[in-house]
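Engineer: What follows is entry35.cif, mmCIF, C-alpha atoms and all ligand atoms.
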```
data_protein
#
loop_
_atom_site.group_PDB
_atom_site.id
_atom_site.type_symbol
_atom_site.label_atom_id
_atom_site.label_comp_id
_atom_site.auth_asym_id
_atom_site.auth_seq_id
_atom_site.Cartn_x
_atom_site.Cartn_y
_atom_site.Cartn_z
ATOM 1 C CA MET A 1 -11.948 -14.223 11.984
ATOM 2 C CA GLY A 2 -10.894 -17.857 12.191
ATOM 3 C CA HIS A 3 -12.727 -18.836 9.015
ATOM 4 C CA LEU A 4 -10.924 -16.123 7.051
ATOM 5 C CA VAL A 5 -7.481 -15.808 8.634
ATOM 6 C CA ASP A 6 -5.218 -18.755 9.413
ATOM 7 C CA THR A 7 -5.448 -18.078 13.132
ATOM 8 C CA ASP A 8 -3.482 -21.242 13.954
ATOM 9 C CA ARG A 9 -0.494 -19.561 12.391
ATOM 10 C CA TYR A 10 -1.492 -15.975 13.167
ATOM 11 C CA PRO A 11 -3.450 -15.809 16.436
ATOM 12 C CA LEU A 12 -5.319 -12.514 16.370
ATOM 13 C CA GLU A 13 -7.146 -12.620 19.664
ATOM 14 C CA ALA A 14 -5.499 -10.728 22.511
ATOM 15 C CA GLY A 15 -3.644 -13.153 24.758
ATOM 16 C CA ALA A 16 -3.898 -16.108 22.360
ATOM 17 C CA ALA A 17 -1.048 -18.614 22.545
ATOM 18 C CA GLY A 18 1.618 -17.877 19.961
ATOM 19 C CA ARG A 19 0.480 -14.327 19.291
ATOM 20 C CA ALA A 20 3.457 -12.762 21.064
ATOM 21 C CA ALA A 21 5.918 -14.816 19.012
ATOM 22 C CA VAL A 22 4.329 -13.658 15.743
ATOM 23 C CA LEU A 23 4.486 -10.044 16.931
ATOM 24 C CA ASP A 24 8.138 -10.419 17.932
ATOM 25 C CA ARG A 25 9.007 -11.692 14.496
ATOM 26 C CA ALA A 26 7.063 -8.941 12.728
ATOM 27 C CA ARG A 27 8.682 -6.229 14.828
ATOM 28 C CA ALA A 28 12.151 -7.657 14.314
ATOM 29 C CA GLU A 29 11.697 -7.791 10.530
ATOM 30 C CA LEU A 30 10.267 -4.270 10.418
ATOM 31 C CA ALA A 31 13.139 -2.974 12.520
ATOM 32 C CA ALA A 32 15.661 -4.729 10.271
ATOM 33 C CA ASP A 33 14.461 -3.531 6.881
ATOM 34 C CA GLY A 34 11.020 -1.957 7.098
ATOM 35 C CA CYS A 35 9.182 -4.885 5.542
ATOM 36 C CA CYS A 36 7.462 -7.946 6.931
ATOM 37 C CA ILE A 37 5.529 -10.617 5.034
ATOM 38 C CA LEU A 38 3.106 -12.907 6.832
ATOM 39 C CA PRO A 39 2.711 -15.716 4.291
ATOM 40 C CA GLY A 40 -0.592 -17.558 4.038
ATOM 41 C CA PHE A 41 -2.439 -15.036 6.219
ATOM 42 C CA VAL A 42 -5.742 -15.749 4.483
ATOM 43 C CA ARG A 43 -6.776 -19.406 4.497
ATOM 44 C CA ALA A 44 -5.943 -21.269 1.301
ATOM 45 C CA GLU A 45 -9.569 -22.298 0.692
ATOM 46 C CA LEU A 46 -10.566 -18.620 0.423
ATOM 47 C CA LEU A 47 -7.912 -17.509 -2.064
ATOM 48 C CA GLU A 48 -10.105 -18.080 -5.099
ATOM 49 C CA LYS A 49 -12.926 -16.062 -3.514
ATOM 50 C CA LEU A 50 -10.413 -13.307 -2.663
ATOM 51 C CA ARG A 51 -9.225 -13.232 -6.278
ATOM 52 C CA ALA A 52 -12.689 -13.417 -7.828
ATOM 53 C CA GLU A 53 -14.040 -10.581 -5.663
ATOM 54 C CA GLY A 54 -11.150 -8.379 -6.792
ATOM 55 C CA GLU A 55 -11.678 -9.323 -10.414
ATOM 56 C CA LEU A 56 -15.320 -8.170 -10.213
ATOM 57 C CA LEU A 57 -14.274 -4.859 -8.656
ATOM 58 C CA ALA A 58 -11.343 -4.047 -10.937
ATOM 59 C CA PRO A 59 -13.390 -2.629 -13.867
ATOM 60 C CA HIS A 60 -14.730 0.029 -11.456
ATOM 61 C CA GLY A 61 -11.280 1.500 -10.817
ATOM 62 C CA TYR A 62 -10.355 4.993 -11.929
ATOM 63 C CA TYR A 63 -7.964 4.397 -14.827
ATOM 64 C CA THR A 64 -5.566 7.236 -15.630
ATOM 65 C CA VAL A 65 -1.901 7.567 -16.373
ATOM 66 C CA GLU A 66 -0.398 10.261 -14.197
ATOM 67 C CA ARG A 67 3.039 11.831 -14.639
ATOM 68 C CA VAL A 68 4.776 11.686 -11.271
ATOM 69 C CA ASN A 69 8.146 11.764 -9.570
ATOM 70 C CA ALA A 70 9.402 9.588 -6.716
ATOM 71 C CA TYR A 71 8.659 12.252 -4.104
ATOM 72 C CA ASN A 72 5.124 13.121 -5.218
ATOM 73 C CA ILE A 73 6.023 16.785 -5.399
ATOM 74 C CA PRO A 74 4.999 19.061 -8.274
ATOM 75 C CA LEU A 75 6.843 18.293 -11.502
ATOM 76 C CA ASP A 76 7.651 21.965 -11.996
ATOM 77 C CA ALA A 77 9.350 22.387 -8.603
ATOM 78 C CA GLU A 78 12.571 24.373 -8.910
ATOM 79 C CA LEU A 79 15.397 21.928 -8.318
ATOM 80 C CA PRO A 80 18.986 21.387 -9.465
ATOM 81 C CA ALA A 81 19.302 19.703 -12.864
ATOM 82 C CA ASP A 82 20.494 16.386 -11.407
ATOM 83 C CA HIS A 83 17.905 16.147 -8.599
ATOM 84 C CA PRO A 84 16.113 12.751 -8.772
ATOM 85 C CA ALA A 85 12.729 14.490 -8.354
ATOM 86 C CA ARG A 86 13.252 15.766 -11.900
ATOM 87 C CA ILE A 87 12.976 12.237 -13.228
ATOM 88 C CA VAL A 88 9.386 11.889 -14.436
ATOM 89 C CA MET A 89 7.662 8.498 -14.513
ATOM 90 C CA GLU A 90 4.190 7.301 -15.463
ATOM 91 C CA ARG A 91 1.980 5.979 -12.695
ATOM 92 C CA GLY A 92 -0.405 3.704 -14.515
ATOM 93 C CA ASN A 93 -2.247 1.966 -11.715
ATOM 94 C CA ALA A 94 -5.948 2.385 -10.971
ATOM 95 C CA PHE A 95 -7.652 2.498 -7.586
ATOM 96 C CA VAL A 96 -11.067 1.035 -6.819
ATOM 97 C CA ALA A 97 -12.498 3.169 -4.013
ATOM 98 C CA ARG A 98 -13.905 1.825 -0.776
ATOM 99 C CA ASP A 99 -17.490 2.897 -1.478
ATOM 100 C CA LEU A 100 -17.526 0.443 -4.408
ATOM 101 C CA ILE A 101 -16.352 -2.484 -2.286
ATOM 102 C CA PRO A 102 -19.246 -4.481 -0.784
ATOM 103 C CA ALA A 103 -19.454 -4.856 2.988
ATOM 104 C CA THR A 104 -19.271 -8.631 2.501
ATOM 105 C CA ALA A 105 -16.039 -8.616 0.470
ATOM 106 C CA LEU A 106 -13.226 -10.423 2.281
ATOM 107 C CA ILE A 107 -10.950 -7.368 2.109
ATOM 108 C CA GLU A 108 -13.642 -5.154 3.649
ATOM 109 C CA VAL A 109 -14.358 -7.701 6.384
ATOM 110 C CA LEU A 110 -10.639 -7.749 7.215
ATOM 111 C CA TYR A 111 -10.182 -3.982 7.021
ATOM 112 C CA SER A 112 -13.043 -3.161 9.351
ATOM 113 C CA HIS A 113 -12.420 -5.970 11.849
ATOM 114 C CA GLU A 114 -11.303 -4.681 15.232
ATOM 115 C CA GLN A 115 -9.062 -7.701 15.925
ATOM 116 C CA PHE A 116 -7.274 -7.341 12.615
ATOM 117 C CA ARG A 117 -6.642 -3.647 13.214
ATOM 118 C CA ARG A 118 -5.380 -4.356 16.731
ATOM 119 C CA PHE A 119 -3.062 -7.063 15.394
ATOM 120 C CA VAL A 120 -1.642 -4.740 12.743
ATOM 121 C CA ALA A 121 -1.103 -1.993 15.336
ATOM 122 C CA ASP A 122 0.733 -4.457 17.568
ATOM 123 C CA CYS A 123 2.933 -5.640 14.691
ATOM 124 C CA PHE A 124 4.010 -2.045 14.117
ATOM 125 C CA GLY A 125 4.284 -1.420 17.864
ATOM 126 C CA LEU A 126 1.688 1.358 17.761
ATOM 127 C CA ALA A 127 -0.618 2.226 20.656
ATOM 128 C CA GLU A 128 -3.677 2.377 18.419
ATOM 129 C CA LEU A 129 -4.778 2.555 14.839
ATOM 130 C CA HIS A 130 -7.918 3.929 13.236
ATOM 131 C CA GLU A 131 -9.749 3.353 10.006
ATOM 132 C CA TYR A 132 -9.788 6.373 7.742
ATOM 133 C CA THR A 133 -12.905 8.498 7.922
ATOM 134 C CA ASP A 134 -12.408 9.018 4.184
ATOM 135 C CA PRO A 135 -15.213 7.108 2.424
ATOM 136 C CA LEU A 136 -12.985 6.421 -0.623
ATOM 137 C CA ALA A 137 -9.363 6.031 0.453
ATOM 138 C CA GLY A 138 -9.462 3.858 3.577
ATOM 139 C CA LEU A 139 -9.601 0.616 1.666
ATOM 140 C CA VAL A 140 -8.743 0.416 -2.003
ATOM 141 C CA LEU A 141 -7.985 -2.204 -4.586
ATOM 142 C CA ASN A 142 -4.839 -1.225 -6.459
ATOM 143 C CA VAL A 143 -5.006 -2.469 -10.048
ATOM 144 C CA VAL A 144 -1.911 -2.645 -12.252
ATOM 145 C CA SER A 145 -2.781 -3.712 -15.792
ATOM 146 C CA PRO A 146 -0.425 -5.395 -18.258
ATOM 147 C CA GLY A 147 2.062 -2.857 -19.587
ATOM 148 C CA MET A 148 1.564 -0.605 -16.555
ATOM 149 C CA SER A 149 3.539 -0.138 -13.377
ATOM 150 C CA HIS A 150 3.417 1.637 -10.071
ATOM 151 C CA PRO A 151 6.755 3.428 -10.432
ATOM 152 C CA TRP A 152 9.453 4.152 -7.854
ATOM 153 C CA HIS A 153 8.238 6.293 -4.968
ATOM 154 C CA PHE A 154 8.389 7.026 -1.271
ATOM 155 C CA ASP A 155 5.141 6.786 0.683
ATOM 156 C CA THR A 156 3.872 9.781 2.590
ATOM 157 C CA ASN A 157 2.360 7.462 5.160
ATOM 158 C CA GLU A 158 4.640 5.952 7.762
ATOM 159 C CA PHE A 159 3.329 2.461 7.144
ATOM 160 C CA THR A 160 1.313 0.492 4.629
ATOM 161 C CA VAL A 161 -0.675 -2.695 5.036
ATOM 162 C CA SER A 162 -1.448 -4.581 1.864
ATOM 163 C CA MET A 163 -2.393 -7.926 0.391
ATOM 164 C CA LEU A 164 -2.008 -9.275 -3.105
ATOM 165 C CA THR A 165 -5.340 -10.701 -4.246
ATOM 166 C CA GLN A 166 -4.421 -11.596 -7.828
ATOM 167 C CA GLU A 167 -0.965 -12.346 -9.220
ATOM 168 C CA PRO A 168 0.069 -11.220 -12.680
ATOM 169 C CA GLU A 169 1.375 -13.843 -15.102
ATOM 170 C CA SER A 170 4.792 -12.248 -14.948
ATOM 171 C CA GLY A 171 6.394 -8.994 -13.871
ATOM 172 C CA GLY A 172 4.574 -6.898 -11.292
ATOM 173 C CA VAL A 173 7.264 -7.615 -8.710
ATOM 174 C CA PHE A 174 7.410 -5.596 -5.507
ATOM 175 C CA GLU A 175 10.903 -4.093 -5.352
ATOM 176 C CA TYR A 176 12.330 -1.925 -2.589
ATOM 177 C CA CYS A 177 15.495 -0.285 -1.371
ATOM 178 C CA PRO A 178 15.557 -0.650 2.429
ATOM 179 C CA ALA A 179 16.303 2.602 4.260
ATOM 180 C CA ILE A 180 17.770 4.290 1.194
ATOM 181 C CA ARG A 181 17.021 7.586 2.950
ATOM 182 C CA SER A 182 16.670 8.590 6.593
ATOM 183 C CA PRO A 183 15.193 11.561 8.429
ATOM 184 C CA GLN A 184 18.718 12.996 8.375
ATOM 185 C CA ALA A 185 19.722 12.305 4.781
ATOM 186 C CA GLU A 186 17.916 12.147 1.428
ATOM 187 C CA ASN A 187 20.807 10.233 -0.187
ATOM 188 C CA LEU A 188 19.932 11.702 -3.565
ATOM 189 C CA ALA A 189 22.835 10.022 -5.360
ATOM 190 C CA ASP A 190 21.653 6.490 -4.567
ATOM 191 C CA VAL A 191 18.012 7.369 -5.299
ATOM 192 C CA ARG A 192 19.131 8.723 -8.638
ATOM 193 C CA ARG A 193 21.092 5.555 -9.326
ATOM 194 C CA VAL A 194 17.986 3.414 -8.749
ATOM 195 C CA LEU A 195 15.755 5.655 -10.855
ATOM 196 C CA THR A 196 18.192 5.595 -13.750
ATOM 197 C CA GLY A 197 18.563 1.828 -13.705
ATOM 198 C CA SER A 198 22.031 1.436 -12.254
ATOM 199 C CA GLY A 199 21.166 0.742 -8.637
ATOM 200 C CA ASP A 200 20.510 -2.970 -8.803
ATOM 201 C CA ASP A 201 22.795 -3.625 -5.820
ATOM 202 C CA LEU A 202 20.394 -1.546 -3.681
ATOM 203 C CA ILE A 203 17.185 -3.321 -4.731
ATOM 204 C CA ARG A 204 15.467 -6.208 -2.970
ATOM 205 C CA ARG A 205 12.694 -8.145 -4.656
ATOM 206 C CA ILE A 206 9.855 -9.881 -2.877
ATOM 207 C CA THR A 207 7.801 -12.706 -4.240
ATOM 208 C CA LEU A 208 4.328 -12.045 -2.893
ATOM 209 C CA ARG A 209 1.583 -14.637 -3.033
ATOM 210 C CA PRO A 210 -2.145 -13.927 -2.906
ATOM 211 C CA GLY A 211 -3.356 -13.919 0.673
ATOM 212 C CA ASP A 212 0.028 -12.966 2.173
ATOM 213 C CA LEU A 213 -0.168 -9.936 4.442
ATOM 214 C CA GLN A 214 2.501 -7.324 3.811
ATOM 215 C CA LEU A 215 3.509 -4.741 6.389
ATOM 216 C CA PHE A 216 5.746 -2.053 4.967
ATOM 217 C CA GLN A 217 7.355 1.196 6.071
ATOM 218 C CA GLY A 218 7.671 3.057 2.799
ATOM 219 C CA ARG A 219 8.670 6.500 3.973
ATOM 220 C CA PHE A 220 12.399 5.775 3.881
ATOM 221 C CA SER A 221 12.457 2.841 1.476
ATOM 222 C CA LEU A 222 12.078 3.695 -2.189
ATOM 223 C CA HIS A 223 9.790 1.076 -3.761
ATOM 224 C CA ARG A 224 7.799 0.183 -6.845
ATOM 225 C CA VAL A 225 5.729 -2.468 -8.574
ATOM 226 C CA SER A 226 7.702 -3.348 -11.718
ATOM 227 C CA PRO A 227 5.839 -3.397 -15.062
ATOM 228 C CA VAL A 228 3.191 -6.115 -15.297
ATOM 229 C CA ALA A 229 3.503 -8.504 -18.231
ATOM 230 C CA GLY A 230 1.244 -11.202 -19.636
ATOM 231 C CA THR A 231 -2.516 -10.899 -19.842
ATOM 232 C CA ARG A 232 -3.629 -10.767 -16.209
ATOM 233 C CA GLN A 233 -3.893 -7.657 -14.015
ATOM 234 C CA ARG A 234 -2.143 -7.471 -10.667
ATOM 235 C CA HIS A 235 -4.522 -6.681 -7.801
ATOM 236 C CA THR A 236 -3.596 -5.570 -4.289
ATOM 237 C CA ALA A 237 -5.836 -4.558 -1.413
ATOM 238 C CA ILE A 238 -4.419 -1.591 0.471
ATOM 239 C CA PHE A 239 -5.630 -1.208 4.040
ATOM 240 C CA ALA A 240 -5.040 2.383 5.145
ATOM 241 C CA TYR A 241 -4.935 3.094 8.868
ATOM 242 C CA SER A 242 -3.747 6.106 10.812
ATOM 243 C CA GLU A 243 -2.617 6.756 14.348
ATOM 244 C CA GLN A 244 -5.037 9.661 14.653
ATOM 245 C CA PRO A 245 -8.753 9.339 13.957
ATOM 246 C CA GLY A 246 -10.549 11.457 11.383
ATOM 247 C CA VAL A 247 -8.295 11.203 8.320
ATOM 248 C CA ILE A 248 -9.994 12.398 5.158
ATOM 249 C CA GLY A 249 -8.332 13.267 1.870
ATOM 250 C CA ALA A 250 -7.951 16.718 0.388
ATOM 251 C CA VAL A 251 -10.314 17.511 -2.482
ATOM 252 C CA GLU A 252 -7.703 17.874 -5.236
ATOM 253 C CA ARG A 253 -5.749 14.751 -4.266
ATOM 254 C CA THR A 254 -8.974 12.744 -4.014
ATOM 255 C CA ARG A 255 -10.031 13.849 -7.480
ATOM 256 C CA GLN A 256 -6.604 12.845 -8.827
ATOM 257 C CA LEU A 257 -6.773 9.356 -7.346
ATOM 258 C CA PHE A 258 -10.445 8.506 -7.813
ATOM 259 C CA GLY A 259 -11.752 10.932 -10.433
ATOM 260 C CA ARG A 260 -14.433 12.210 -8.088
ATOM 261 C CA VAL A 261 -15.034 13.588 -4.611
ATOM 262 C CA LEU A 262 -17.884 13.124 -2.151
ATOM 263 C CA PRO A 263 -19.675 15.652 0.077
ATOM 264 C CA ALA A 264 -17.549 14.410 2.991
ATOM 265 C CA HIS A 265 -14.389 15.631 1.245
ATOM 266 C CA LEU A 266 -15.877 19.041 0.535
ATOM 267 C CA ALA A 267 -17.194 19.343 4.089
ATOM 268 C CA ALA A 268 -13.788 18.481 5.562
ATOM 269 C CA THR A 269 -11.903 21.116 3.541
ATOM 270 C CA GLY A 270 -9.760 23.131 5.866
ATOM 271 C CA ASN A 271 -10.132 21.010 8.969
ATOM 272 C CA SER A 272 -8.941 17.577 7.893
ATOM 273 C CA VAL A 273 -6.354 15.561 9.769
ATOM 274 C CA ARG A 274 -3.219 15.073 7.616
ATOM 275 C CA GLY A 275 -5.512 15.941 4.755
ATOM 276 C CA ASP A 276 -3.380 15.380 1.691
ATOM 277 C CA GLN A 277 -1.366 12.370 2.797
ATOM 278 C CA LEU A 278 -3.179 9.476 1.220
ATOM 279 C CA LEU A 279 -1.835 6.358 -0.485
ATOM 280 C CA ASP A 280 1.376 7.808 -1.811
HETATM 281 O O1 LIG B 301 0.473 -2.514 -4.848
HETATM 282 C C1 LIG B 301 1.504 -2.659 -4.189
HETATM 283 O O2 LIG B 301 1.980 -3.766 -3.933
HETATM 284 C C2 LIG B 301 2.259 -1.451 -3.668
HETATM 285 C C3 LIG B 301 1.432 -0.219 -3.615
HETATM 286 C C4 LIG B 301 2.173 0.984 -3.095
HETATM 287 O O3 LIG B 301 3.365 1.048 -3.021
HETATM 288 C C5 LIG B 301 1.380 2.155 -2.664
HETATM 289 O O4 LIG B 301 0.146 2.175 -2.861
HETATM 290 O O5 LIG B 301 1.967 3.116 -2.136
HETATM 291 FE FE FE B 302 3.942 2.839 -1.896
#
```
Show me this structure written as structure tokens.
Structural biologist:
Amino acid sequence: MGHLVDTDRYPLEAGAAGRAAVLDRARAELAADGCCILPGFVRAELLEKLRAEGELLAPHGYYTVERVNAYNIPLDAELPADHPARIVMERGNAFVARDLIPATALIEVLYSHEQFRRFVADCFGLAELHEYTDPLAGLVLNVVSPGMSHPWHFDTNEFTVSMLTQEPESGGVFEYCPAIRSPQAENLADVRRVLTGSGDDLIRRITLRPGDLQLFQGRFSLHRVSPVAGTRQRHTAIFAYSEQPGVIGAVERTRQLFGRVLPAHLAATGNSVRGDQLLD
């Protein structure tokens, strides 16, 4: 791992000097506002390789524009007229599926490395984490092209691990509203304010750099990638882990995200673990 990750700054090996201090900081930041950035996680000399690998993969993404709401519930759900789930947005990002990412790609090496997974679990304070069994959704490259955005939403997953691999020229900013809802309260009025453009006081913006590792708890914090401008796409690797082994996506959701399904998805129908809770 040492050639890939700046292990002087981020000791990954169990018991390594300084590891506990990094974990303390990550846990404190996550507890404070559900987001933690570990800047310069990947060594500077590998950033161009990280970017170039993503650039080669990006054309293989599944490009669609999907009409969505912030809660990822059906658009025809019966709700009061002023419910924020009735605000429809366009999700214009594309996902490159894991089976198209070579085993030698830096993001795949990271995703499947036991020490990395252990480190991420420890940052979140989780007993253990597992790779997805899903052959498509475990590791994806999220591509946001100029003019597109990944609009405001809550994640279904409790936590997300991601890494920018290519910056856009402008726009494409990660924006979030820390703890805008809680298990006890949806806080629909504030969510509505953000979705209608008058909630700026609730929004935090993060400047991410390629190779920074981002740990995020998106279930209670509304978040988005603002529209990308300029000529360059924005690329992010999303490392999906789960506390229980065996996660594989539901057939319909998989088709929506990737435009195809594999025999593994069909075989798992009916007995999947948290089947339809991928990515969003
Ligand atoms: O690409 C990003 O930075 C954020 C992606 C995201 O929010 C998601 O996939 O749920
Ligand atoms: Fe998200």
Engineer: Translate the PyMOL selection byres (((not hetatm)) within 12 of (chain B and resi 302)) into a concrete residue list for this structure, as an MDAnalysis selection string.
Structural biologist: chainID A and resid 35 70:72 91 93 142 149:162 174:177 214:225 236 238:240 277:280
Engineer: List as JSON, numbers by chain the protein and nucleic acid residues near region 100-109 of chain A, meaning an atom at most 7 Å away when all atoms listed in the file are counted, but skip any in the same chain fewer than 6 places from it.
Structural biologist: {"A": [50, 53, 237]}
Engineer: Run the PyMOL selection byres (((chain A and resi 203-209) around 12) and not hetatm) against the file shown and list the residues it catches, as a compact mmCIF listing (two decimals) with C-alpha atoms, in the frame of the given file.
Structural biologist:
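As a result, out_25.txt now contains:
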```txt
# COMPACT_ATOMS: atom_id res chain seq x y z
CA ASP A 33 14.46 -3.53 6.88
CA GLY A 34 11.02 -1.96 7.10
CA CYS A 35 9.18 -4.88 5.54
CA CYS A 36 7.46 -7.95 6.93
CA ILE A 37 5.53 -10.62 5.03
CA LEU A 38 3.11 -12.91 6.83
CA PRO A 39 2.71 -15.72 4.29
CA GLY A 40 -0.59 -17.56 4.04
CA PHE A 41 -2.44 -15.04 6.22
CA VAL A 42 -5.74 -15.75 4.48
CA ALA A 44 -5.94 -21.27 1.30
CA LEU A 47 -7.91 -17.51 -2.06
CA ARG A 51 -9.22 -13.23 -6.28
CA TRP A 152 9.45 4.15 -7.85
CA SER A 162 -1.45 -4.58 1.86
CA MET A 163 -2.39 -7.93 0.39
CA LEU A 164 -2.01 -9.28 -3.10
CA THR A 165 -5.34 -10.70 -4.25
CA GLN A 166 -4.42 -11.60 -7.83
CA GLU A 167 -0.96 -12.35 -9.22
CA PRO A 168 0.07 -11.22 -12.68
CA SER A 170 4.79 -12.25 -14.95
CA GLY A 171 6.39 -8.99 -13.87
CA GLY A 172 4.57 -6.90 -11.29
CA VAL A 173 7.26 -7.62 -8.71
CA PHE A 174 7.41 -5.60 -5.51
CA GLU A 175 10.90 -4.09 -5.35
CA TYR A 176 12.33 -1.92 -2.59
CA CYS A 177 15.50 -0.28 -1.37
CA PRO A 178 15.56 -0.65 2.43
CA ALA A 179 16.30 2.60 4.26
CA ILE A 180 17.77 4.29 1.19
CA ASP A 190 21.65 6.49 -4.57
CA VAL A 191 18.01 7.37 -5.30
CA ARG A 193 21.09 5.56 -9.33
CA VAL A 194 17.99 3.41 -8.75
CA LEU A 195 15.76 5.66 -10.86
CA GLY A 197 18.56 1.83 -13.70
CA SER A 198 22.03 1.44 -12.25
CA GLY A 199 21.17 0.74 -8.64
CA ASP A 200 20.51 -2.97 -8.80
CA ASP A 201 22.80 -3.62 -5.82
CA LEU A 202 20.39 -1.55 -3.68
CA PRO A 210 -2.14 -13.93 -2.91
CA GLY A 211 -3.36 -13.92 0.67
CA ASP A 212 0.03 -12.97 2.17
CA LEU A 213 -0.17 -9.94 4.44
CA GLN A 214 2.50 -7.32 3.81
CA LEU A 215 3.51 -4.74 6.39
CA PHE A 216 5.75 -2.05 4.97
CA SER A 221 12.46 2.84 1.48
CA LEU A 222 12.08 3.70 -2.19
CA HIS A 223 9.79 1.08 -3.76
CA ARG A 224 7.80 0.18 -6.84
CA VAL A 225 5.73 -2.47 -8.57
CA SER A 226 7.70 -3.35 -11.72
CA ARG A 234 -2.14 -7.47 -10.67
CA HIS A 235 -4.52 -6.68 -7.80
CA THR A 236 -3.60 -5.57 -4.29
```
Engineer: So the first atom is CA of Thr254 (chain A) and the second is CA of Arg117 (chain A); what is the distance between them in Å, to one decimal place?
Structural biologist: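 Taking CA of Thr254 (chain A) as the start and CA of Arg117 (chain A) as the end point, the length is 23.9 Å.
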Engineer: Expand the PyMOL selection byres (((chain A and resi 116) around 12) and not hetatm) into the individual residues it matches in the shown file, reporting them as number ranges by chain.
Structural biologist: A: 1-2, 4-5, 7, 10-14, 41-42, 107-115, 117-123, 128-131, 161, 213, 239, 241
Engineer: Could you work out how far CA of Val88 (chain A) lies from CA of Leu188 (chain A), giving the answer in Å with one decimal?
Structural biologist: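 Between CA of Leu188 (chain A) and CA of Val88 (chain A) the gap is 15.1 Å.
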Engineer: Restricting the calculation to all atoms listed in the file, which member of A:Val144, A:Pro84, A:Gly246, A:Tyr63 is positioned closest to ligand LIG 301 (chain B)?
Structural biologist: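 So, comparing all the options, the nearest one is A:Val144.
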Engineer: For ligand LIG 301 (chain B), which residue among A:Leu266, A:Leu139, A:Ala185, A:Val251 is the nearest when counting only C-alpha atoms and all ligand atoms?
Structural biologist: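 Closest to ligand LIG 301 (chain B) of all the choices is A:Leu139.
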Engineer: Return the single residue from A:Leu46, A:Leu262, A:Ala137, A:Ala31 that is closest to ligand LIG 301 (chain B), with distances computed using only C-alpha atoms and all ligand atoms.
Structural biologist: A:Ala137
Engineer: Taking only C-alpha atoms and all ligand atoms into account, which of A:Ala268, A:Ile248, A:Ile87, A:Val140 comes nearest ligand LIG 301 (chain B)?
Structural biologist: A:Val140
Engineer: With only C-alpha atoms as the counted atoms, please give the residues lying no more than 8 Å from Phe124 (chain A), apart from itself and same-chain residues fewer than 4 positions off, as a list in words.
Structural biologist: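 Those residues are Ala26, Arg27, Leu30 and Val120 of chain A.
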Engineer: Between atom C1 of ligand LIG 301 (chain B) and CA of Arg232 (chain A), what is the spacing in Å?
Structural biologist: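 For CA of Arg232 (chain A) relative to atom C1 of ligand LIG 301 (chain B), the distance reads 15.4 Å.
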Engineer: Just checking: using only C-alpha atoms and all ligand atoms, which residue out of A:Ala127, A:Val247, A:Leu257, A:Leu23 ends up closest to ligand LIG 301 (chain B)?
Structural biologist: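 Among the listed residues, A:Leu257 lies closest to ligand LIG 301 (chain B).
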Engineer: Take every atom of region 34-53 of chain A listed in the file, pad by 5 Å on each side, and give me the axis-aligned box centre and edge lengths in Å, one decimal, as AutoDock Vina command-line options.
Structural biologist:
```
--center_x -1.5 --center_y -12.1 --center_z -0.4 --size_x 35.1 --size_y 30.3 --size_z 24.9
```
Engineer: Could you check the closest approach to ligand LIG 301 (chain B) for each of A:Gly18, A:Gly270, A:Pro59, A:Pro227 and tell me which residue wins, using only C-alpha atoms and all ligand atoms?
Structural biologist: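 With only C-alpha atoms and all ligand atoms as the atom set, the closest residue is A:Pro227.
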Engineer: Please write a file for region 31-41 of chain A, taken from the block I just shared, that holds N, CA and C atoms and is laid out as a PDB file, in the first residue's frame.
Structural biologist:
```pdb
ATOM      1  N   ALA A  31     -18.422  12.591  13.591  1.00  0.00           N
ATOM      2  CA  ALA A  31     -19.415  12.829  14.650  1.00  0.00           C
ATOM      3  C   ALA A  31     -19.922  14.267  14.582  1.00  0.00           C
ATOM      4  N   ALA A  32     -19.034  15.199  14.227  1.00  0.00           N
ATOM      5  CA  ALA A  32     -19.422  16.613  14.218  1.00  0.00           C
ATOM      6  C   ALA A  32     -20.359  16.932  13.063  1.00  0.00           C
ATOM      7  N   ASP A  33     -20.021  16.503  11.851  1.00  0.00           N
ATOM      8  CA  ASP A  33     -20.920  16.873  10.745  1.00  0.00           C
ATOM      9  C   ASP A  33     -21.028  15.840   9.638  1.00  0.00           C
ATOM     10  N   GLY A  34     -20.674  14.596   9.932  1.00  0.00           N
ATOM     11  CA  GLY A  34     -20.940  13.518   8.982  1.00  0.00           C
ATOM     12  C   GLY A  34     -20.036  13.510   7.764  1.00  0.00           C
ATOM     13  N   CYS A  35     -18.949  14.273   7.806  1.00  0.00           N
ATOM     14  CA  CYS A  35     -18.056  14.315   6.654  1.00  0.00           C
ATOM     15  C   CYS A  35     -16.614  14.437   7.121  1.00  0.00           C
ATOM     16  N   CYS A  36     -15.739  13.693   6.478  1.00  0.00           N
ATOM     17  CA  CYS A  36     -14.320  13.788   6.820  1.00  0.00           C
ATOM     18  C   CYS A  36     -13.506  13.667   5.527  1.00  0.00           C
ATOM     19  N   ILE A  37     -12.595  14.610   5.323  1.00  0.00           N
ATOM     20  CA  ILE A  37     -11.718  14.566   4.158  1.00  0.00           C
ATOM     21  C   ILE A  37     -10.306  14.241   4.638  1.00  0.00           C
ATOM     22  N   LEU A  38      -9.688  13.264   3.989  1.00  0.00           N
ATOM     23  CA  LEU A  38      -8.288  12.962   4.265  1.00  0.00           C
ATOM     24  C   LEU A  38      -7.493  13.432   3.044  1.00  0.00           C
ATOM     25  N   PRO A  39      -6.976  14.662   3.127  1.00  0.00           N
ATOM     26  CA  PRO A  39      -6.322  15.250   1.941  1.00  0.00           C
ATOM     27  C   PRO A  39      -5.039  14.513   1.589  1.00  0.00           C
ATOM     28  N   GLY A  40      -4.756  14.417   0.310  1.00  0.00           N
ATOM     29  CA  GLY A  40      -3.495  13.821  -0.139  1.00  0.00           C
ATOM     30  C   GLY A  40      -3.377  12.359   0.250  1.00  0.00           C
ATOM     31  N   PHE A  41      -4.471  11.624   0.224  1.00  0.00           N
ATOM     32  CA  PHE A  41      -4.444  10.208   0.620  1.00  0.00           C
ATOM     33  C   PHE A  41      -3.599   9.398  -0.364  1.00  0.00           C
TER      34      PHE A  41
END
```
